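J.: Supplied structure: data_5.cif, mmCIF, C-alpha atoms and all ligand atoms.
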data_work
loop_
_atom_site.label_atom_id
_atom_site.label_comp_id
_atom_site.auth_asym_id
_atom_site.auth_seq_id
_atom_site.Cartn_x
_atom_site.Cartn_y
_atom_site.Cartn_z
CA MET A 1 22.67 -10.64 -25.19
CA ALA A 2 19.17 -11.92 -24.46
CA ALA A 3 18.03 -14.99 -22.58
CA GLN A 4 14.72 -16.78 -22.91
CA GLU A 5 13.07 -19.06 -20.36
CA ARG A 6 9.74 -20.79 -20.12
CA THR A 7 7.49 -21.56 -17.17
CA GLN A 8 3.83 -22.28 -16.46
CA VAL A 9 3.10 -19.43 -14.04
CA GLY A 10 5.24 -16.29 -13.95
CA ILE A 11 4.96 -14.76 -10.49
CA ILE A 12 5.92 -11.14 -9.89
CA GLY A 13 6.91 -10.47 -6.29
CA ALA A 14 8.51 -12.62 -3.56
CA GLY A 15 6.35 -11.35 -0.72
CA PRO A 16 4.08 -13.72 1.16
CA ALA A 17 1.46 -13.78 -1.66
CA GLY A 18 3.86 -14.74 -4.46
CA LEU A 19 5.79 -17.19 -2.32
CA LEU A 20 2.68 -18.93 -0.97
CA LEU A 21 1.19 -19.19 -4.46
CA ALA A 22 4.41 -20.70 -5.82
CA ARG A 23 4.55 -23.21 -2.98
CA LEU A 24 0.90 -24.34 -3.29
CA LEU A 25 1.21 -24.61 -7.09
CA LYS A 26 4.34 -26.75 -6.74
CA LEU A 27 2.50 -29.15 -4.42
CA HIS A 28 0.04 -29.61 -7.32
CA GLY A 29 2.85 -30.16 -9.82
CA ILE A 30 2.63 -26.70 -11.40
CA ASP A 31 5.92 -24.89 -12.08
CA SER A 32 6.58 -21.20 -11.61
CA VAL A 33 9.37 -18.64 -11.66
CA ILE A 34 9.28 -15.80 -9.12
CA LEU A 35 10.72 -12.42 -10.15
CA GLU A 36 11.57 -10.07 -7.29
CA ALA A 37 12.90 -6.54 -7.70
CA ARG A 38 14.59 -6.46 -4.26
CA THR A 39 17.28 -8.55 -2.61
CA ARG A 40 16.60 -11.53 -0.36
CA ASP A 41 18.00 -9.61 2.63
CA TYR A 42 15.59 -6.76 2.05
CA VAL A 43 12.55 -9.01 1.68
CA GLU A 44 13.46 -11.03 4.77
CA ALA A 45 13.99 -7.95 6.93
CA ARG A 46 10.93 -5.82 6.22
CA VAL A 47 8.66 -5.50 9.23
CA ARG A 48 4.95 -6.02 8.61
CA ALA A 49 1.90 -7.08 10.59
CA GLY A 50 1.69 -10.12 12.76
CA VAL A 51 -1.79 -11.61 13.17
CA LEU A 52 -2.80 -14.73 11.24
CA GLU A 53 -6.40 -15.84 10.88
CA GLN A 54 -7.14 -19.50 11.49
CA GLY A 55 -7.76 -19.98 7.75
CA THR A 56 -4.35 -18.47 6.92
CA VAL A 57 -2.70 -20.85 9.38
CA GLY A 58 -4.57 -23.70 7.65
CA LEU A 59 -3.21 -22.62 4.26
CA LEU A 60 0.34 -22.44 5.62
CA GLU A 61 -0.15 -25.95 7.01
CA GLU A 62 -1.39 -27.13 3.62
CA ALA A 63 1.73 -25.54 2.14
CA GLY A 64 3.89 -27.53 4.58
CA VAL A 65 5.51 -24.43 6.07
CA ALA A 66 3.81 -24.27 9.49
CA GLU A 67 6.35 -26.09 11.65
CA ARG A 68 8.07 -23.00 13.07
CA LEU A 69 4.73 -21.18 13.13
CA HIS A 70 3.30 -23.84 15.44
CA ARG A 71 6.44 -23.84 17.57
CA ASP A 72 6.93 -20.07 17.97
CA GLY A 73 3.52 -18.59 17.10
CA LEU A 74 1.29 -17.41 19.95
CA VAL A 75 -2.32 -18.57 19.83
CA HIS A 76 -4.63 -15.78 21.02
CA ASN A 77 -8.16 -16.51 22.21
CA GLY A 78 -9.26 -12.88 22.23
CA VAL A 79 -8.35 -9.18 22.09
CA GLU A 80 -9.07 -6.28 24.38
CA ILE A 81 -10.69 -2.99 23.46
CA ALA A 82 -9.77 -0.19 25.88
CA ALA A 83 -12.02 2.86 25.85
CA ASN A 84 -13.34 5.35 28.37
CA GLY A 85 -11.06 4.00 31.09
CA GLN A 86 -12.47 0.48 30.75
CA ARG A 87 -11.30 -2.68 29.08
CA LEU A 88 -13.62 -4.91 27.13
CA ARG A 89 -12.44 -8.39 26.27
CA ILE A 90 -13.65 -9.88 23.00
CA ASP A 91 -13.54 -13.63 23.57
CA PHE A 92 -12.94 -15.18 20.14
CA ARG A 93 -13.02 -18.74 21.34
CA ALA A 94 -16.29 -18.38 23.25
CA LEU A 95 -17.99 -16.31 20.52
CA THR A 96 -16.73 -18.09 17.40
CA ASP A 97 -14.83 -21.20 18.53
CA LYS A 98 -11.85 -19.85 16.56
CA THR A 99 -8.54 -18.21 17.44
CA VAL A 100 -5.84 -16.13 15.76
CA THR A 101 -2.08 -16.74 15.81
CA VAL A 102 0.45 -14.00 16.44
CA TYR A 103 3.42 -14.72 14.15
CA GLY A 104 5.22 -12.02 12.19
CA GLN A 105 4.77 -11.69 8.45
CA THR A 106 8.55 -11.43 8.35
CA GLU A 107 8.75 -14.97 9.73
CA VAL A 108 6.10 -16.29 7.32
CA THR A 109 8.16 -14.84 4.47
CA ARG A 110 11.37 -16.46 5.74
CA ASP A 111 9.69 -19.86 6.09
CA LEU A 112 8.29 -19.65 2.57
CA ILE A 113 11.62 -18.56 1.06
CA ALA A 114 13.39 -21.46 2.79
CA ALA A 115 10.81 -23.93 1.42
CA ARG A 116 11.04 -22.48 -2.09
CA LEU A 117 14.83 -22.62 -2.17
CA ALA A 118 14.89 -26.19 -0.85
CA GLY A 119 14.00 -27.38 -4.36
CA ASP A 120 10.66 -25.92 -5.46
CA GLY A 121 12.04 -23.58 -8.11
CA PRO A 122 13.81 -20.31 -8.72
CA ILE A 123 13.41 -16.90 -7.18
CA VAL A 124 15.13 -14.31 -9.37
CA TRP A 125 16.29 -11.60 -6.94
CA LYS A 126 17.05 -8.08 -8.18
CA ALA A 127 15.04 -8.56 -11.37
CA ALA A 128 15.01 -4.99 -12.75
CA ASP A 129 12.42 -3.26 -14.95
CA VAL A 130 9.92 -6.11 -15.04
CA ALA A 131 7.43 -5.55 -17.87
CA ILE A 132 4.34 -7.62 -18.69
CA HIS A 133 3.51 -8.26 -22.35
CA GLY A 134 0.71 -10.01 -24.20
CA ILE A 135 -1.72 -10.63 -21.36
CA GLU A 136 -4.55 -10.94 -23.88
CA SER A 137 -2.69 -13.75 -25.68
CA ASP A 138 -2.28 -17.29 -24.36
CA ARG A 139 1.51 -16.83 -24.04
CA PRO A 140 2.10 -13.76 -21.90
CA ARG A 141 5.75 -12.74 -21.48
CA LEU A 142 7.67 -11.11 -18.69
CA GLY A 143 10.65 -9.01 -19.67
CA TYR A 144 13.28 -8.15 -17.07
CA ARG A 145 16.94 -7.29 -16.71
CA LEU A 146 19.38 -9.14 -14.51
CA ALA A 147 22.95 -7.91 -14.06
CA GLY A 148 22.64 -5.96 -17.30
CA VAL A 149 21.30 -8.90 -19.36
CA GLU A 150 17.80 -8.76 -20.87
CA HIS A 151 15.61 -11.79 -20.13
CA THR A 152 12.24 -12.95 -21.39
CA LEU A 153 10.13 -15.38 -19.40
CA ILE A 154 7.38 -17.00 -21.48
CA CYS A 155 4.42 -18.07 -19.35
CA ASP A 156 0.94 -19.57 -19.53
CA PHE A 157 -0.26 -17.19 -16.81
CA VAL A 158 1.08 -14.23 -14.87
CA ALA A 159 0.36 -13.67 -11.17
CA GLY A 160 0.84 -10.06 -10.05
CA CYS A 161 1.86 -10.35 -6.40
CA ASP A 162 4.05 -7.24 -6.33
CA GLY A 163 2.18 -4.99 -3.93
CA PHE A 164 0.60 -1.59 -4.18
CA HIS A 165 3.57 0.04 -5.95
CA GLY A 166 4.28 -2.87 -8.31
CA VAL A 167 4.02 -3.02 -12.12
CA SER A 168 1.13 -5.49 -12.22
CA ARG A 169 -1.89 -3.31 -11.46
CA PRO A 170 -0.87 -0.58 -13.97
CA SER A 171 -0.53 -3.35 -16.58
CA LEU A 172 -4.29 -3.95 -16.56
CA PRO A 173 -6.12 -1.75 -19.09
CA ALA A 174 -7.28 1.20 -16.96
CA ALA A 175 -10.32 1.82 -19.12
CA LEU A 176 -11.77 -1.57 -18.21
CA GLY A 177 -11.46 -1.11 -14.46
CA GLN A 178 -12.43 1.02 -11.54
CA THR A 179 -10.68 2.00 -8.33
CA PHE A 180 -12.22 2.79 -4.96
CA GLU A 181 -10.32 4.67 -2.30
CA ARG A 182 -10.65 6.16 1.17
CA THR A 183 -7.78 8.00 2.81
CA TYR A 184 -7.77 8.80 6.51
CA PRO A 185 -6.44 12.03 8.04
CA PHE A 186 -3.97 10.18 10.29
CA GLY A 187 -1.19 7.59 10.24
CA TRP A 188 0.34 4.97 12.52
CA LEU A 189 3.71 5.34 14.14
CA GLY A 190 5.05 1.84 14.90
CA ILE A 191 7.84 0.76 17.23
CA LEU A 192 9.41 -2.68 17.61
CA ALA A 193 11.46 -3.41 20.75
CA ASP A 194 12.96 -6.39 22.53
CA VAL A 195 10.92 -5.99 25.69
CA PRO A 196 8.20 -8.28 27.08
CA PRO A 197 4.66 -7.34 25.97
CA CYS A 198 2.55 -5.40 28.50
CA SER A 199 -0.34 -7.83 28.20
CA ASP A 200 -0.98 -11.45 27.12
CA GLU A 201 -3.39 -10.26 24.45
CA LEU A 202 -3.48 -7.37 21.97
CA ILE A 203 -4.98 -4.14 23.29
CA TYR A 204 -6.71 -1.74 20.90
CA ALA A 205 -7.12 1.56 22.76
CA SER A 206 -9.37 4.48 21.92
CA HIS A 207 -8.09 7.51 23.86
CA PRO A 208 -8.74 11.27 23.72
CA ARG A 209 -5.05 11.68 22.68
CA GLY A 210 -5.55 9.20 19.84
CA PHE A 211 -5.59 5.49 19.11
CA ALA A 212 -2.91 3.14 20.46
CA LEU A 213 -2.26 -0.57 19.92
CA ALA A 214 -0.23 -2.93 22.07
CA SER A 215 0.87 -5.95 20.03
CA MET A 216 3.74 -8.40 20.11
CA ARG A 217 5.90 -10.78 18.14
CA SER A 218 7.02 -13.12 20.94
CA PRO A 219 7.19 -13.24 24.76
CA THR A 220 10.29 -11.04 24.51
CA ARG A 221 9.46 -8.76 21.58
CA SER A 222 6.76 -6.07 21.57
CA ARG A 223 5.17 -4.11 18.76
CA TYR A 224 3.30 -0.91 19.58
CA TYR A 225 1.54 1.67 17.45
CA ILE A 226 0.13 5.14 18.06
CA GLN A 227 -2.11 7.26 15.87
CA CYS A 228 -0.20 10.30 14.59
CA SER A 229 -0.93 13.11 12.18
CA LEU A 230 0.19 12.77 8.58
CA ASP A 231 2.71 15.60 8.68
CA GLU A 232 4.71 14.18 11.57
CA LYS A 233 8.33 13.16 11.02
CA ILE A 234 9.95 10.12 12.58
CA GLU A 235 12.86 12.35 13.75
CA GLU A 236 10.37 14.15 15.98
CA TRP A 237 9.72 10.91 17.82
CA PRO A 238 12.73 9.77 19.86
CA ASP A 239 12.00 6.47 21.63
CA ALA A 240 11.35 8.15 25.00
CA ARG A 241 8.59 10.31 23.52
CA ILE A 242 6.88 7.27 21.98
CA TRP A 243 6.98 5.35 25.27
CA ASP A 244 5.59 8.35 27.16
CA GLU A 245 2.76 8.69 24.69
CA LEU A 246 1.98 4.96 24.81
CA LYS A 247 1.80 5.07 28.60
CA LEU A 248 -0.65 7.95 28.43
CA ARG A 249 -2.87 6.34 25.82
CA LEU A 250 -2.81 2.80 27.16
CA GLY A 251 -3.01 4.24 30.69
CA SER A 252 -1.16 2.89 33.75
CA GLU A 253 -4.63 1.84 34.87
CA PRO A 254 -6.12 -0.51 33.77
CA VAL A 255 -3.15 -1.58 31.61
CA PRO A 256 -0.24 -3.15 33.51
CA ASP A 257 3.14 -1.45 33.38
CA ILE A 258 4.77 -1.12 29.99
CA THR A 259 8.39 -2.24 29.83
CA THR A 260 10.35 0.19 27.67
CA GLY A 261 13.60 -0.30 25.77
CA PRO A 262 15.49 0.83 22.68
CA SER A 263 13.60 0.55 19.39
CA ILE A 264 14.85 -1.92 16.78
CA GLU A 265 12.49 -0.55 14.14
CA LYS A 266 10.42 2.61 13.94
CA SER A 267 8.27 3.91 11.10
CA ILE A 268 5.25 6.03 10.17
CA ALA A 269 2.67 4.72 7.71
CA PRO A 270 -0.44 6.42 6.33
CA LEU A 271 -3.78 4.59 6.52
CA ARG A 272 -5.62 3.81 3.35
CA SER A 273 -8.51 1.74 2.01
CA PHE A 274 -8.15 0.90 -1.68
CA VAL A 275 -9.66 -1.61 -4.09
CA SER A 276 -8.95 -1.97 -7.80
CA THR A 277 -11.44 -3.96 -9.86
CA PRO A 278 -11.39 -6.31 -11.68
CA MET A 279 -8.51 -8.33 -10.22
CA GLN A 280 -7.84 -10.04 -13.56
CA HIS A 281 -7.62 -9.41 -17.26
CA GLY A 282 -6.69 -11.94 -19.92
CA ARG A 283 -3.96 -14.03 -18.40
CA LEU A 284 -2.88 -11.60 -15.67
CA PHE A 285 -4.25 -12.13 -12.16
CA LEU A 286 -3.63 -9.81 -9.20
CA THR A 287 -3.34 -10.94 -5.58
CA GLY A 288 -2.94 -9.14 -2.27
CA ASP A 289 -1.77 -5.52 -2.04
CA ALA A 290 -1.37 -5.33 -5.83
CA ALA A 291 -5.18 -5.17 -5.95
CA HIS A 292 -6.27 -3.85 -2.57
CA ILE A 293 -5.08 -2.11 0.59
CA VAL A 294 -6.74 -2.13 4.01
CA PRO A 295 -5.87 0.12 6.95
CA PRO A 296 -4.02 -2.04 9.51
CA THR A 297 -6.62 -1.72 12.27
CA GLY A 298 -8.17 -5.14 11.66
CA ALA A 299 -4.89 -6.93 10.81
CA LYS A 300 -6.38 -8.10 7.51
CA GLY A 301 -3.71 -7.29 4.89
CA LEU A 302 -1.70 -10.51 4.90
CA ASN A 303 -4.80 -12.61 5.50
CA LEU A 304 -6.51 -11.17 2.42
CA ALA A 305 -3.43 -11.91 0.34
CA ALA A 306 -3.61 -15.50 1.58
CA SER A 307 -7.29 -15.94 0.61
CA ASP A 308 -6.63 -14.45 -2.86
CA VAL A 309 -3.81 -16.95 -3.30
CA HIS A 310 -6.08 -19.79 -2.23
CA TYR A 311 -8.70 -18.86 -4.87
CA LEU A 312 -6.10 -18.35 -7.61
CA CYS A 313 -4.28 -21.59 -6.85
CA ARG A 314 -7.52 -23.57 -6.87
CA ALA A 315 -8.43 -22.02 -10.23
CA LEU A 316 -5.04 -22.80 -11.81
CA VAL A 317 -5.20 -26.37 -10.52
CA ALA A 318 -8.63 -26.78 -12.19
CA HIS A 319 -7.20 -25.38 -15.44
CA TYR A 320 -4.18 -27.69 -15.58
CA GLY A 321 -5.84 -30.71 -13.98
CA LYS A 322 -9.29 -30.75 -15.59
CA GLY A 323 -9.06 -28.21 -18.38
CA ASN A 324 -11.86 -26.33 -16.60
CA ASP A 325 -11.55 -22.53 -16.63
CA ASP A 326 -14.72 -21.65 -14.70
CA LEU A 327 -12.80 -20.87 -11.51
CA LEU A 328 -10.19 -18.84 -13.41
CA ASN A 329 -12.90 -16.81 -15.14
CA GLY A 330 -14.63 -16.21 -11.83
CA TYR A 331 -11.46 -15.47 -9.84
CA SER A 332 -11.92 -11.71 -9.54
CA ASN A 333 -15.56 -11.92 -8.45
CA THR A 334 -14.86 -14.69 -5.96
CA ALA A 335 -11.87 -12.91 -4.43
CA LEU A 336 -13.57 -9.50 -4.35
CA ALA A 337 -16.59 -10.81 -2.43
CA ARG A 338 -14.24 -11.59 0.47
CA VAL A 339 -12.04 -8.52 -0.08
CA TRP A 340 -14.98 -6.13 0.26
CA LYS A 341 -16.04 -7.68 3.56
CA ALA A 342 -12.53 -7.29 4.95
CA GLU A 343 -12.46 -3.71 3.61
CA ARG A 344 -15.70 -3.04 5.46
CA PHE A 345 -14.38 -4.50 8.70
CA SER A 346 -11.03 -2.67 8.53
CA TRP A 347 -12.76 0.64 7.77
CA TRP A 348 -15.21 0.06 10.65
CA MET A 349 -12.46 -0.80 13.16
CA THR A 350 -10.50 2.27 12.01
CA MET A 351 -13.46 4.63 12.38
CA LEU A 352 -14.40 3.07 15.72
CA LEU A 353 -11.07 3.57 17.45
CA HIS A 354 -9.25 6.62 16.06
CA ARG A 355 -9.57 10.14 17.32
CA LEU A 356 -11.73 12.09 14.90
CA HIS A 357 -11.88 15.85 14.44
CA PRO A 358 -13.74 17.74 15.61
CA GLU A 359 -14.66 15.94 18.82
CA THR A 360 -18.20 17.25 18.66
CA SER A 361 -18.86 15.96 15.15
CA PHE A 362 -21.75 13.63 14.44
CA GLU A 363 -19.21 10.90 13.62
CA ALA A 364 -17.59 11.25 17.04
CA GLN A 365 -21.00 10.76 18.65
CA MET A 366 -21.60 7.70 16.49
CA GLN A 367 -18.25 6.37 17.68
CA ARG A 368 -19.27 6.76 21.33
CA ALA A 369 -22.59 5.05 20.69
CA GLU A 370 -20.86 2.24 18.80
CA LEU A 371 -18.37 1.61 21.64
CA ASP A 372 -21.19 1.69 24.18
CA TYR A 373 -23.21 -0.77 22.11
CA LEU A 374 -20.21 -3.07 21.69
CA ALA A 375 -19.69 -3.16 25.46
CA SER A 376 -23.35 -4.00 26.09
CA SER A 377 -24.21 -6.44 23.31
CA GLN A 378 -22.94 -9.96 22.81
CA ALA A 379 -24.31 -9.85 19.26
CA ALA A 380 -22.09 -6.82 18.52
CA GLN A 381 -19.07 -8.55 20.06
CA THR A 382 -19.76 -11.63 17.94
CA VAL A 383 -19.72 -9.48 14.79
CA LEU A 384 -16.30 -8.13 15.73
CA ALA A 385 -14.98 -11.58 16.70
CA GLU A 386 -16.27 -13.34 13.58
CA ASN A 387 -14.59 -10.78 11.32
CA TYR A 388 -11.37 -10.60 13.32
CA VAL A 389 -10.75 -14.36 13.29
CA GLY A 390 -11.52 -14.26 9.57
CA LEU A 391 -14.56 -14.99 7.41
CA PRO A 392 -14.56 -18.40 5.72
CA PHE A 393 -13.00 -18.91 2.29
C1 LIG B 401 1.07 -5.94 14.52
O1 LIG B 401 1.38 -6.68 15.47
O2 LIG B 401 1.92 -5.47 13.76
C2 LIG B 401 -0.37 -5.63 14.31
C3 LIG B 401 -1.33 -6.26 15.08
C4 LIG B 401 -2.65 -5.94 14.92
C5 LIG B 401 -3.03 -5.00 13.98
C6 LIG B 401 -2.08 -4.37 13.21
C7 LIG B 401 -0.74 -4.68 13.37
O3 LIG B 401 -4.35 -4.69 13.84
#
The structure in this file should be written as structure tokens.
T.:
Amino acid sequence: MAAQERTQVGIIGAGPAGLLLARLLKLHGIDSVILEARTRDYVEARVRAGVLEQGTVGLLEEAGVAERLHRDGLVHNGVEIAANGQRLRIDFRALTDKTVTVYGQTEVTRDLIAARLAGDGPIVWKAADVAIHGIESDRPRLGYRLAGVEHTLICDFVAGCDGFHGVSRPSLPAALGQTFERTYPFGWLGILADVPPCSDELIYASHPRGFALASMRSPTRSRYYIQCSLDEKIEEWPDARIWDELKLRLGSEPVPDITTGPSIEKSIAPLRSFVSTPMQHGRLFLTGDAAHIVPPTGAKGLNLAASDVHYLCRALVAHYGKGNDDLLNGYSNTALARVWKAERFSWWMTMLLHRLHPETSFEAQMQRAELDYLASSQAAQTVLAENYVGLPF
């Protein structure tokens, strides 16, 4: 048995990129079908980052899914950098007149799924073995299997929003592209717990024992991270050991007391910078992690996915509305100009704050000089603030 369907834009992946694209397209009268390999429960439960740039909040407003975000999200006017026993506050509002909003990616995803399922169009959950055919033709097709039945989805365009491990990027002809990569010799161990945050704002700490980050999801839920080595196992990190290490790295002085409690999620992730160019070929367009990865230090991953989606949506609207393909043809170049700046910022924040080996290396001295400069120069603080709140798109 085989089933055939037809849509305008076939979207692979029901993460925030695919869902936001589908929602914005629908508001412009463009239909899509979303294929997702996982279940709804899985997608709605995965824990990801939690800082939204002002531009991302604006896009979610435009998409009509910002009600809960405005009710439960926490507007932050700055962040703190803790280094050498001192805390430096970077005042976003004073330096850039912008803010960021702390609201979990998990919640963004739930809001977008609810909007989609309230009448926008289908999400096919558990779509197995998705394959992309004919991207150089004007009728690309997506093959997939659902409950043992083969399906074909005939599309005008395909949006690859299926993350770093998805099928979309490998479906671009490798010979036409190039990849750029930087791996780092450390990872982040993250813990989520229902305890009040230790501070009103995020604290990025550079410490001789390694980097630490105090973040949050709400006034009663905290998210912390510590730098760890790549060969460490999560079993070696019972909650008590993580809390002890956080206290050491964030310091009882000058950081207020940390409230500890049982973890509700715990994981280790490697850090990576990665860009695959171009982000399009024929009628296949990549967005978000399918095309690029940033280390989490600047909280840019979700925000970059959102700006990609903005550019792609605008281009598809010009195609269907005016028959003008200039924006579609320029999509990759337009998106990459912003991607590379976020890659630069995320790499810089990572190299600034993590413990490097050996301590006496030239890079470690550069790090000290950079932190010193940041503390003494408003121009340097403005550079950090302007990038953190998000460059325009
Ligand atoms: C988080 O809250 O998960 C988070 C915040 C800031 C980052 C990375 C992750 O830079």
J.: Need the neighbours of (-2.1, 16.2, 10.5): which residues are at most 7 Å away, counting all atoms listed in the file, as a list in words?
T.: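 The requested residues, written out, are Pro185, Phe186, Ser229, Leu230 and Asp231 of chain A.
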J.: For each of A:Leu60, A:Val339, A:Val51, A:Leu172, take the minimum atom-to-atom distance to ligand LIG 401 (chain B), counting all atoms listed in the file, then give the residue where this is smallest.
T.: A:Val51
J.: Give as a list in words the residues surrounding ligand LIG 401 (chain B) up to a distance of 7 Å, considering only C-alpha atoms and all ligand atoms.
T.: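 What falls inside 7 Å of ligand LIG 401 (chain B) is Arg48, Ala49, Gly50, Val51, Ser215, Met216, Arg217, Arg223, Pro296, Thr297, Gly298 and Ala299 of chain A.
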J.: Using only C-alpha atoms, which protein or nucleic acid residues come within 9 Å of Thr260 in chain A? Drop anything in the same chain fewer than 3 positions from it, and give the result as a ChimeraX atom specification.
T.: /A:193-196,239-240,243,263
J.: Would you list the contacts of Val130 in chain A as a PDB file with C-alpha atoms, in the coordinates of the input, taking every protein, DNA or RNA residue within 8 Å and counting all atoms listed in the file, but skipping same-chain residues closer than 4 positions in sequence?
T.:
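And here's out22.pdb as it stands now:
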ATOM      1  CA  ALA A  37      12.900  -6.540  -7.700  1.00  0.00           C
ATOM      2  CA  LEU A 142       7.670 -11.110 -18.690  1.00  0.00           C
ATOM      3  CA  GLY A 143      10.650  -9.010 -19.670  1.00  0.00           C
ATOM      4  CA  TYR A 144      13.280  -8.150 -17.070  1.00  0.00           C
ATOM      5  CA  ARG A 145      16.940  -7.290 -16.710  1.00  0.00           C
ATOM      6  CA  VAL A 167       4.020  -3.020 -12.120  1.00  0.00           C
TER       7      VAL A 167
END
J.: Around the point (10.9, -7.1, -9.9) (coordinates from the file), which residues reach within 7 Å if we count all atoms listed in the file? Answer as a ChimeraX atom specification.
T.: /A:12-13,35-38,126-130
J.: Quick one: everything within 12 Å of range 132-136 of chain A, counting only C-alpha atoms, minus sequence neighbours fewer than 4 positions away in the same chain. Send it as a PyMOL selection string.
T.: chain A and resi 10-12+35+140-144+152-160+166-173+280-285
J.: Can you tell me, as a list in words, what residues are no more than 6 Å from range 343-350 of chain A when counting only C-alpha atoms, ignoring any on the same chain fewer than 2 positions away?
T.: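 What passes the distance filter is Val294, Thr297, Gly298, Trp340, Lys341, Leu352 and Leu353 of chain A.
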J.: Deliver the residues from the most recent selection as a file, using C-alpha atoms, as a short mmCIF file (atom, residue, chain, number, x, y, z; two decimals), in the frame of the given file.
T.:
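After the write, part_1.cif holds the following:
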data_model
loop_
_atom_site.label_atom_id
_atom_site.label_comp_id
_atom_site.auth_asym_id
_atom_site.auth_seq_id
_atom_site.Cartn_x
_atom_site.Cartn_y
_atom_site.Cartn_z
CA VAL A 294 -6.74 -2.13 4.01
CA THR A 297 -6.62 -1.72 12.27
CA GLY A 298 -8.17 -5.14 11.66
CA TRP A 340 -14.98 -6.13 0.26
CA LYS A 341 -16.04 -7.68 3.56
CA LEU A 352 -14.40 3.07 15.72
CA LEU A 353 -11.07 3.57 17.45
#
